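Comments concern the structure below.
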Amino acid sequence: MEKKLLTPNECVQIQKYGYILIFSVVMYFVYSCVLSLTPNDLAMEKEQNFPIVS
């Protein structure tokens with residue numbers, strides 16, 4: 001069986017899918033971290049200038 005080489009367009013499509021998937025996972029993590037905090041926790045974080053995700 002012969003292996004088929006990917007064309008540049010196919011590589012670009014695979015990379016786009018990968019970038020979207022990575023971005024979605026990271027944003028889900030960030031939103032879940034922010035939504036798990038109470039308003040008091042967010043105010044304390046802002047007051048102490050701590051990044052929520054470091």
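Lettering and numbering for the structure tokens are positional, with chains as A, B, ... in the shown order, residues counted from 1 in each chain, and ligands counted from 1 in the shown order.
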
**Request:** Output as a PyMOL selection string all residues of chain A that backbone DSSP marks as helix (DSSP H, G or I).
**Result:** chain A and resi 8-35+39-48

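Across the structure, CA of Gly18 in chain A and CA of Ser36 in chain A are spaced 27.1 Å apart.
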
**Prompt:** Could you work out how far CA of Val25 in chain A lies from CA of Gln13 in chain A, giving the answer in Å with one decimal?
**Reply:** 18.5 Å
